[in-house]
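Novice: Dropping in target-v2.pdb, with PDB, C-alpha atoms, pLDDT in the B column.
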ATOM      1  CA  MET A   1       0.000   0.000   0.000  1.00 55.00           C
ATOM      2  CA  SER A   2       1.235   3.474  -0.819  1.00 58.00           C
ATOM      3  CA  PHE A   3       1.429   6.361   1.622  1.00 70.00           C
ATOM      4  CA  PHE A   4      -1.996   7.563   0.467  1.00 79.00           C
ATOM      5  CA  ASP A   5      -4.672   5.172  -0.734  1.00 84.00           C
ATOM      6  CA  PHE A   6      -8.324   6.071  -1.376  1.00 86.00           C
ATOM      7  CA  VAL A   7     -11.015   3.950   0.262  1.00 89.00           C
ATOM      8  CA  SER A   8     -13.544   2.898  -2.342  1.00 89.00           C
ATOM      9  CA  PRO A   9     -17.300   2.796  -2.001  1.00 90.00           C
ATOM     10  CA  HIS A  10     -18.633  -0.735  -1.602  1.00 90.00           C
ATOM     11  CA  ALA A  11     -19.213  -2.315  -5.020  1.00 88.00           C
ATOM     12  CA  GLY A  12     -22.628  -3.672  -4.049  1.00 90.00           C
ATOM     13  CA  PRO A  13     -25.689  -2.416  -2.227  1.00 90.00           C
ATOM     14  CA  VAL A  14     -25.462  -0.489   1.024  1.00 88.00           C
ATOM     15  CA  VAL A  15     -27.679  -3.165   2.589  1.00 84.00           C
ATOM     16  CA  VAL A  16     -28.731  -6.235   0.604  1.00 82.00           C
ATOM     17  CA  GLY A  17     -32.476  -6.204   0.055  1.00 81.00           C
ATOM     18  CA  LEU A  18     -32.839  -2.415   0.201  1.00 84.00           C
ATOM     19  CA  GLU A  19     -31.500  -1.584  -3.257  1.00 89.00           C
ATOM     20  CA  ASP A  20     -34.850  -0.120  -4.360  1.00 89.00           C
ATOM     21  CA  PHE A  21     -34.483   2.635  -1.746  1.00 87.00           C
ATOM     22  CA  GLU A  22     -30.968   3.679  -2.759  1.00 90.00           C
ATOM     23  CA  THR A  23     -29.928   6.997  -4.245  1.00 91.00           C
ATOM     24  CA  VAL A  24     -26.699   7.061  -6.251  1.00 93.00           C
ATOM     25  CA  TYR A  25     -24.917  10.387  -5.966  1.00 91.00           C
ATOM     26  CA  ALA A  26     -22.605  11.497  -8.804  1.00 91.00           C
ATOM     27  CA  LYS A  27     -23.623   8.606 -11.052  1.00 91.00           C
ATOM     28  CA  ASP A  28     -23.441  10.944 -14.077  1.00 93.00           C
ATOM     29  CA  GLN A  29     -20.465  12.995 -12.871  1.00 92.00           C
ATOM     30  CA  PRO A  30     -17.232  11.340 -14.055  1.00 91.00           C
ATOM     31  CA  GLN A  31     -15.099  13.704 -11.953  1.00 90.00           C
ATOM     32  CA  TYR A  32     -16.493  11.997  -8.811  1.00 86.00           C
ATOM     33  CA  ARG A  33     -16.871   8.412  -7.684  1.00 86.00           C
ATOM     34  CA  PRO A  34     -20.516   7.283  -7.748  1.00 90.00           C
ATOM     35  CA  LEU A  35     -21.796   6.759  -4.215  1.00 92.00           C
ATOM     36  CA  ARG A  36     -24.717   4.447  -3.399  1.00 93.00           C
ATOM     37  CA  THR A  37     -26.630   5.634  -0.328  1.00 91.00           C
ATOM     38  CA  LEU A  38     -29.697   4.853   1.711  1.00 87.00           C
ATOM     39  CA  PRO A  39     -31.752   7.648   3.270  1.00 85.00           C
ATOM     40  CA  ALA A  40     -31.448   7.958   7.040  1.00 81.00           C
ATOM     41  CA  ARG A  41     -32.769  10.136   9.853  1.00 77.00           C
ATOM     42  CA  ASN A  42     -36.111  10.598   8.119  1.00 74.00           C
ATOM     43  CA  GLY A  43     -34.486  11.818   4.911  1.00 76.00           C
ATOM     44  CA  GLU A  44     -32.095  14.244   6.630  1.00 81.00           C
ATOM     45  CA  SER A  45     -28.993  12.184   5.884  1.00 84.00           C
ATOM     46  CA  ALA A  46     -27.641   9.397   3.714  1.00 87.00           C
ATOM     47  CA  ILE A  47     -25.650   6.318   4.700  1.00 88.00           C
ATOM     48  CA  ALA A  48     -23.021   4.909   2.351  1.00 91.00           C
ATOM     49  CA  ARG A  49     -20.900   1.782   2.653  1.00 91.00           C
ATOM     50  CA  PHE A  50     -17.183   1.573   1.899  1.00 91.00           C
ATOM     51  CA  HIS A  51     -14.834  -1.325   1.317  1.00 89.00           C
ATOM     52  CA  LEU A  52     -11.286  -1.555   2.611  1.00 91.00           C
ATOM     53  CA  THR A  53      -8.679  -3.582   0.764  1.00 93.00           C
ATOM     54  CA  ASP A  54      -6.651  -6.157   2.670  1.00 94.00           C
ATOM     55  CA  ALA A  55      -3.683  -3.749   2.588  1.00 92.00           C
ATOM     56  CA  GLN A  56      -5.829  -0.933   4.021  1.00 93.00           C
ATOM     57  CA  ARG A  57      -7.157  -3.231   6.762  1.00 93.00           C
ATOM     58  CA  ALA A  58      -3.611  -4.246   7.641  1.00 93.00           C
ATOM     59  CA  ALA A  59      -2.463  -0.620   7.731  1.00 92.00           C
ATOM     60  CA  ILE A  60      -5.314   0.293  10.089  1.00 92.00           C
ATOM     61  CA  ALA A  61      -4.533  -2.702  12.297  1.00 94.00           C
ATOM     62  CA  GLU A  62      -0.934  -1.434  12.434  1.00 94.00           C
ATOM     63  CA  GLY A  63      -2.053   2.038  13.540  1.00 93.00           C
ATOM     64  CA  ALA A  64      -2.877   3.945  10.343  1.00 91.00           C
ATOM     65  CA  ASP A  65      -5.603   6.568  10.648  1.00 90.00           C
ATOM     66  CA  ILE A  66      -8.644   7.161   8.433  1.00 90.00           C
ATOM     67  CA  TYR A  67      -9.040  10.638   6.961  1.00 88.00           C
ATOM     68  CA  LEU A  68     -12.377  11.926   5.728  1.00 86.00           C
ATOM     69  CA  GLU A  69     -12.556  14.728   3.171  1.00 85.00           C
ATOM     70  CA  LEU A  70     -15.866  16.598   3.282  1.00 83.00           C
ATOM     71  CA  LEU A  71     -16.691  18.698   0.239  1.00 81.00           C
ATOM     72  CA  HIS A  72     -18.670  21.787   1.250  1.00 83.00           C
ATOM     73  CA  PHE A  73     -17.999  23.999  -1.800  1.00 85.00           C
ATOM     74  CA  GLY A  74     -17.534  27.075   0.379  1.00 88.00           C
ATOM     75  CA  GLY A  75     -20.797  26.634   2.267  1.00 88.00           C
ATOM     76  CA  PRO A  76     -21.308  25.563   5.860  1.00 88.00           C
ATOM     77  CA  LEU A  77     -19.992  22.156   6.820  1.00 84.00           C
ATOM     78  CA  ALA A  78     -22.791  19.693   7.516  1.00 83.00           C
ATOM     79  CA  PRO A  79     -22.445  17.425  10.568  1.00 82.00           C
ATOM     80  CA  SER A  80     -21.066  14.041   9.529  1.00 83.00           C
ATOM     81  CA  SER A  81     -20.354  10.694  11.129  1.00 83.00           C
ATOM     82  CA  MET A  82     -18.044   7.866  10.190  1.00 84.00           C
ATOM     83  CA  MET A  83     -18.718   4.379  11.509  1.00 80.00           C
ATOM     84  CA  VAL A  84     -17.011   1.021  11.499  1.00 81.00           C
ATOM     85  CA  MET A  85     -19.463  -1.859  11.355  1.00 78.00           C
ATOM     86  CA  SER A  86     -18.245  -5.416  11.622  1.00 79.00           C
ATOM     87  CA  GLU A  87     -21.668  -6.896  12.350  1.00 74.00           C
ATOM     88  CA  PRO A  88     -23.047  -8.825   9.355  1.00 75.00           C
ATOM     89  CA  PRO A  89     -26.248  -7.203   8.002  1.00 73.00           C
ATOM     90  CA  ASP A  90     -28.282 -10.405   8.414  1.00 74.00           C
ATOM     91  CA  THR A  91     -28.124 -10.410  12.230  1.00 79.00           C
ATOM     92  CA  ASP A  92     -30.642  -9.155  14.785  1.00 80.00           C
ATOM     93  CA  LEU A  93     -28.027  -6.777  16.233  1.00 81.00           C
ATOM     94  CA  PHE A  94     -27.498  -5.108  12.861  1.00 77.00           C
ATOM     95  CA  ARG A  95     -31.247  -4.964  12.190  1.00 75.00           C
ATOM     96  CA  SER A  96     -31.927  -3.225  15.516  1.00 77.00           C
ATOM     97  CA  TRP A  97     -29.088  -0.723  14.930  1.00 74.00           C
ATOM     98  CA  TRP A  98     -30.311  -0.048  11.389  1.00 74.00           C
ATOM     99  CA  ARG A  99     -33.911   0.638  12.446  1.00 74.00           C
ATOM    100  CA  VAL A 100     -32.817   3.110  15.128  1.00 74.00           C
ATOM    101  CA  GLN A 101     -30.198   4.781  12.929  1.00 71.00           C
ATOM    102  CA  THR A 102     -32.344   5.262   9.878  1.00 68.00           C
ATOM    103  CA  ASN A 103     -35.907   5.621  11.089  1.00 63.00           C
ATOM    104  CA  GLY A 104     -36.343   4.279   7.574  1.00 59.00           C
ATOM    105  CA  PRO A 105     -39.784   3.823   6.041  1.00 57.00           C
ATOM    106  CA  TYR A 106     -38.522   0.588   4.491  1.00 59.00           C
ATOM    107  CA  LYS A 107     -40.809  -2.363   4.115  1.00 50.00           C
ATOM    108  CA  PHE A 108     -38.542  -5.372   4.048  1.00 47.00           C
ATOM    109  CA  ASP A 109     -39.263  -8.444   2.007  1.00 46.00           C
ATOM    110  CA  ALA A 110     -38.970 -11.489   4.268  1.00 40.00           C
ATOM    111  CA  GLY A 111     -37.985 -13.517   1.215  1.00 46.00           C
ATOM    112  CA  THR A 112     -34.736 -11.617   0.638  1.00 48.00           C
ATOM    113  CA  LYS A 113     -31.415 -11.976   2.379  1.00 47.00           C
ATOM    114  CA  GLY A 114     -31.705  -8.351   3.465  1.00 45.00           C
ATOM    115  CA  ILE A 115     -33.123  -6.913   6.623  1.00 45.00           C
ATOM    116  CA  ASN A 116     -36.502  -8.321   7.564  1.00 41.00           C
ATOM    117  CA  ALA A 117     -39.176  -6.488   9.518  1.00 41.00           C
TER
END
Could I get this structure in the form of structure tokens?

Specialist:
Amino acid sequence: MSFFDFVSPHAGPVVVGLEDFETVYAKDQPQYRPLRTLPARNGESAIARFHLTDAQRAAIAEGADIYLELLHFGGPLAPSSMMVMSEPPDTDLFRSWWRVQTNGPYKFDAGTKGINA
């Protein structure tokens, strides 16, 4: 891994089974990386998922820090959060965290591998 290595957005859905609720930011803006998100906090925020390479995971385990660049284009900086989630999305613990975090109006399909209501 080089001194500076971008973390990439997850190549798949933010949460399996909730793809129909996603918004993709910058999907038609080649100067940016497309970012799949799910609405959260009653539509006041968006949650994205990122993937770390094995080299990035090793660097973090060895003490490397994560930096977050927030583009504000000269306007006020919006409050932001960064999370690390190791809980698989098909567990009750993840489901309970997700419901509280998002207040999402999602109706989950019990037949999918995603979050079930």

Novice: If I take CA of Tyr67 in chain A and CA of Leu93 in chain A, how far is one from the other in Å, to one decimal?

Specialist: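 Spanning CA of Tyr67 in chain A to CA of Leu93 in chain A is a straight-line distance of 27.4 Å.
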
Novice: Which residues fall under the PyMOL selection byres ((chain A and resi 81) around 12) in this file, as a list of chain:residue names?

Specialist: A:Ser45, A:Ala46, A:Ile47, A:Ala48, A:Leu68, A:Glu69, A:Leu70, A:Ala78, A:Pro79, A:Ser80, A:Met82, A:Met83, A:Val84, A:Gln101

Novice: Write out as a list in words which residues come within 10 Å of range 25-41 of chain A when counting only C-alpha atoms, dropping same-chain ones fewer than 4 positions away.

Specialist: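 Residues meeting the cut-off are Ser8, Pro9, His10, Ala11, Gly12, Pro13, Val14, Val15, Leu18, Glu19, Asp20, Phe21, Ser45, Ala46, Ile47, Ala48, Arg49, Phe50, Trp98, Arg99, Val100, Gln101, Thr102, Asn103, Gly104, Pro105 and Tyr106 of chain A.
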
Novice: Contacts of Gln56 in chain A at 12 Å or less, counting all atoms listed in the file, minus same-chain residues fewer than 5 places along, as a list in words?

Specialist: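 Those residues are Met1, Ser2, Phe3, Phe4, Asp5, Phe6, Val7, Ser8, Phe50, His51, Ala61, Glu62, Gly63, Ala64, Asp65 and Ile66 of chain A.
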
Novice: By how many Å are CA of Gly17 in chain A and CA of Arg95 in chain A apart?

Specialist: 12.3 Å

Novice: Between CA of Met85 in chain A and CA of Trp97 in chain A, what is the distance in Å, rounded to a tenth?

Specialist: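 Answer for the CA of Met85 in chain A to CA of Trp97 in chain A separation: 10.3 Å.
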
Novice: Considering all atoms listed in the file, state which residue in the set A:Asp90, A:Gly75, A:Arg57, A:Glu44 is at the smallest distance from Val16 in chain A.

Specialist: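 Looking only at the distances to Val16 in chain A, the closest residue turns out to be A:Asp90.
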